[in-house]
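All remarks here apply to the structure that follows.
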Amino acid sequence: MDEVEIVVAHSERATLRLGEVFLKVDADPARLDAEAEAMSLAPVPTPRVLWRKPSVLAISAVPGATLGRLGGPATGSPAAWAA
């Protein structure tokens with residue numbers, strides 16, 4: 001891994017990407033608990049929880065093609081978004 005990418009950061013949470021791993025650091029561990037629970041119940045592909053420690057949730061990248069990037073144009077086809 002060559003770099004750490006800051007995906008999003010604000011006063012309550014930061015999400016970092018290190019290769020194929022995302023680290024979500026949150027001031028409120030209960031939000032991470034709720035997020036992990038929601039991912040386990042979702043009927044769509046979600047990241048795999050790799051580990052959890054107080055205030056940090058490590059998740060895997062979701063396999064597949066990127067449909068778009070925050071702040072950029074959508075690159076996925078309408079059929080890909082519908083799927």
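Each chain in the structure tokens gets a letter, A, B, ..., in the order shown, and its residues are numbered from 1; ligands are numbered from 1 in order too.
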Region 25-38 of chain A surroundings by only C-alpha atoms, 10 Å radius, close-in-sequence under 3 positions cut, as a PyMOL selection string = chain A and resi 9-16+22+41-43+46-49+52-59
For the selection you just gave me, I'd like the residues written to a file as a PDB file, in the first residue's frame, keeping N, CA and C atoms.
ATOM      1  N   ALA A   9     -14.110  13.266   5.928  1.00  0.00           N
ATOM      2  CA  ALA A   9     -13.727  13.643   7.290  1.00  0.00           C
ATOM      3  C   ALA A   9     -14.512  14.873   7.704  1.00  0.00           C
ATOM      4  N   HIS A  10     -15.061  14.821   8.897  1.00  0.00           N
ATOM      5  CA  HIS A  10     -15.735  15.976   9.496  1.00  0.00           C
ATOM      6  C   HIS A  10     -15.640  15.835  10.999  1.00  0.00           C
ATOM      7  N   SER A  11     -16.325  16.668  11.745  1.00  0.00           N
ATOM      8  CA  SER A  11     -16.131  16.713  13.194  1.00  0.00           C
ATOM      9  C   SER A  11     -16.577  15.450  13.924  1.00  0.00           C
ATOM     10  N   GLU A  12     -17.431  14.629  13.309  1.00  0.00           N
ATOM     11  CA  GLU A  12     -17.929  13.423  13.982  1.00  0.00           C
ATOM     12  C   GLU A  12     -17.296  12.137  13.489  1.00  0.00           C
ATOM     13  N   ARG A  13     -16.826  12.115  12.225  1.00  0.00           N
ATOM     14  CA  ARG A  13     -16.351  10.862  11.647  1.00  0.00           C
ATOM     15  C   ARG A  13     -15.295  11.118  10.588  1.00  0.00           C
ATOM     16  N   ALA A  14     -14.391  10.149  10.469  1.00  0.00           N
ATOM     17  CA  ALA A  14     -13.435  10.132   9.359  1.00  0.00           C
ATOM     18  C   ALA A  14     -13.433   8.718   8.788  1.00  0.00           C
ATOM     19  N   THR A  15     -13.371   8.631   7.467  1.00  0.00           N
ATOM     20  CA  THR A  15     -13.257   7.345   6.797  1.00  0.00           C
ATOM     21  C   THR A  15     -11.980   7.388   5.980  1.00  0.00           C
ATOM     22  N   LEU A  16     -11.114   6.416   6.231  1.00  0.00           N
ATOM     23  CA  LEU A  16      -9.822   6.320   5.553  1.00  0.00           C
ATOM     24  C   LEU A  16      -9.784   5.051   4.723  1.00  0.00           C
ATOM     25  N   PHE A  22     -11.168  -0.188   4.492  1.00  0.00           N
ATOM     26  CA  PHE A  22     -11.662   1.115   4.918  1.00  0.00           C
ATOM     27  C   PHE A  22     -11.721   1.130   6.433  1.00  0.00           C
ATOM     28  N   LEU A  41     -27.909  -6.803   7.834  1.00  0.00           N
ATOM     29  CA  LEU A  41     -29.308  -7.045   7.474  1.00  0.00           C
ATOM     30  C   LEU A  41     -29.647  -6.655   6.032  1.00  0.00           C
ATOM     31  N   ALA A  42     -28.781  -5.926   5.376  1.00  0.00           N
ATOM     32  CA  ALA A  42     -29.076  -5.407   4.037  1.00  0.00           C
ATOM     33  C   ALA A  42     -29.188  -6.540   3.021  1.00  0.00           C
ATOM     34  N   PRO A  43     -30.185  -6.459   2.118  1.00  0.00           N
ATOM     35  CA  PRO A  43     -30.364  -7.503   1.103  1.00  0.00           C
ATOM     36  C   PRO A  43     -29.516  -7.273  -0.156  1.00  0.00           C
ATOM     37  N   THR A  46     -22.715  -5.900   0.742  1.00  0.00           N
ATOM     38  CA  THR A  46     -22.179  -4.905   1.661  1.00  0.00           C
ATOM     39  C   THR A  46     -20.743  -5.281   2.014  1.00  0.00           C
ATOM     40  N   PRO A  47     -19.987  -4.337   2.545  1.00  0.00           N
ATOM     41  CA  PRO A  47     -18.621  -4.673   2.956  1.00  0.00           C
ATOM     42  C   PRO A  47     -18.627  -5.712   4.080  1.00  0.00           C
ATOM     43  N   ARG A  48     -17.574  -6.484   4.135  1.00  0.00           N
ATOM     44  CA  ARG A  48     -17.398  -7.451   5.215  1.00  0.00           C
ATOM     45  C   ARG A  48     -16.709  -6.726   6.373  1.00  0.00           C
ATOM     46  N   VAL A  49     -17.233  -6.915   7.577  1.00  0.00           N
ATOM     47  CA  VAL A  49     -16.593  -6.336   8.760  1.00  0.00           C
ATOM     48  C   VAL A  49     -15.358  -7.177   9.071  1.00  0.00           C
ATOM     49  N   ARG A  52     -13.537  -4.823  14.748  1.00  0.00           N
ATOM     50  CA  ARG A  52     -14.103  -3.652  15.412  1.00  0.00           C
ATOM     51  C   ARG A  52     -13.388  -3.439  16.720  1.00  0.00           C
ATOM     52  N   LYS A  53     -13.100  -2.209  17.004  1.00  0.00           N
ATOM     53  CA  LYS A  53     -12.560  -1.787  18.299  1.00  0.00           C
ATOM     54  C   LYS A  53     -13.338  -0.543  18.671  1.00  0.00           C
ATOM     55  N   PRO A  54     -13.316  -0.136  19.920  1.00  0.00           N
ATOM     56  CA  PRO A  54     -14.060   1.071  20.284  1.00  0.00           C
ATOM     57  C   PRO A  54     -13.699   2.239  19.344  1.00  0.00           C
ATOM     58  N   SER A  55     -14.707   2.799  18.745  1.00  0.00           N
ATOM     59  CA  SER A  55     -14.612   3.957  17.852  1.00  0.00           C
ATOM     60  C   SER A  55     -14.024   3.682  16.476  1.00  0.00           C
ATOM     61  N   VAL A  56     -13.668   2.426  16.156  1.00  0.00           N
ATOM     62  CA  VAL A  56     -13.120   2.120  14.827  1.00  0.00           C
ATOM     63  C   VAL A  56     -13.779   0.859  14.277  1.00  0.00           C
ATOM     64  N   LEU A  57     -14.197   0.948  13.017  1.00  0.00           N
ATOM     65  CA  LEU A  57     -14.775  -0.184  12.295  1.00  0.00           C
ATOM     66  C   LEU A  57     -13.936  -0.382  11.037  1.00  0.00           C
ATOM     67  N   ALA A  58     -13.379  -1.563  10.853  1.00  0.00           N
ATOM     68  CA  ALA A  58     -12.596  -1.878   9.654  1.00  0.00           C
ATOM     69  C   ALA A  58     -13.454  -2.752   8.752  1.00  0.00           C
ATOM     70  N   ILE A  59     -13.636  -2.302   7.500  1.00  0.00           N
ATOM     71  CA  ILE A  59     -14.451  -3.057   6.557  1.00  0.00           C
ATOM     72  C   ILE A  59     -13.687  -3.256   5.260  1.00  0.00           C
TER      73      ILE A  59
END
Got a sec to tell me which of chain A DSSP assigns to alpha helix (DSSP H), as a PDB file with C-alpha atoms, in the first residue's frame?
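The file below, states-v6.pdb, is the result:
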ATOM      1  CA  PRO A  29     -19.232   4.063  18.875  1.00  0.00           C
ATOM      2  CA  ALA A  30     -23.007   3.484  18.894  1.00  0.00           C
ATOM      3  CA  ARG A  31     -23.200   4.818  15.320  1.00  0.00           C
ATOM      4  CA  LEU A  32     -20.624   2.225  14.239  1.00  0.00           C
ATOM      5  CA  ASP A  33     -22.634  -0.486  16.011  1.00  0.00           C
ATOM      6  CA  ALA A  34     -25.782   0.622  14.151  1.00  0.00           C
ATOM      7  CA  GLU A  35     -23.918   0.721  10.834  1.00  0.00           C
ATOM      8  CA  ALA A  36     -22.476  -2.779  11.287  1.00  0.00           C
ATOM      9  CA  GLU A  37     -25.943  -4.079  12.210  1.00  0.00           C
ATOM     10  CA  ALA A  38     -27.535  -2.431   9.168  1.00  0.00           C
ATOM     11  CA  MET A  39     -24.886  -3.944   6.862  1.00  0.00           C
ATOM     12  CA  SER A  40     -25.587  -7.414   8.260  1.00  0.00           C
ATOM     13  CA  LEU A  41     -29.308  -7.045   7.474  1.00  0.00           C
ATOM     14  CA  PRO A  78     -28.381   2.644 -15.745  1.00  0.00           C
ATOM     15  CA  ALA A  79     -28.610  -1.165 -15.805  1.00  0.00           C
ATOM     16  CA  ALA A  80     -25.709  -1.449 -13.354  1.00  0.00           C
ATOM     17  CA  TRP A  81     -27.353   1.043 -10.992  1.00  0.00           C
ATOM     18  CA  ALA A  82     -30.654  -0.839 -11.220  1.00  0.00           C
TER      19      ALA A  82
END
Secondary structure check, strand (DSSP E or B) residues of chain A, as a VMD selection string = chain A and resid 5 to 9 13 to 18 21 to 26 49 to 53 56 to 60 68 74
Non-local contacts of Gly19 (chain A) (8 Å; only C-alpha atoms; under 2 positions in same chain excluded) as a ChimeraX atom specification | /A:1,3-4,17,21-22
Could you tell me which of A:Leu23, A:Gly72, A:Ser77, A:Thr66 comes closest to Trp51 (chain A) if we count only C-alpha atoms?
-> A:Leu23
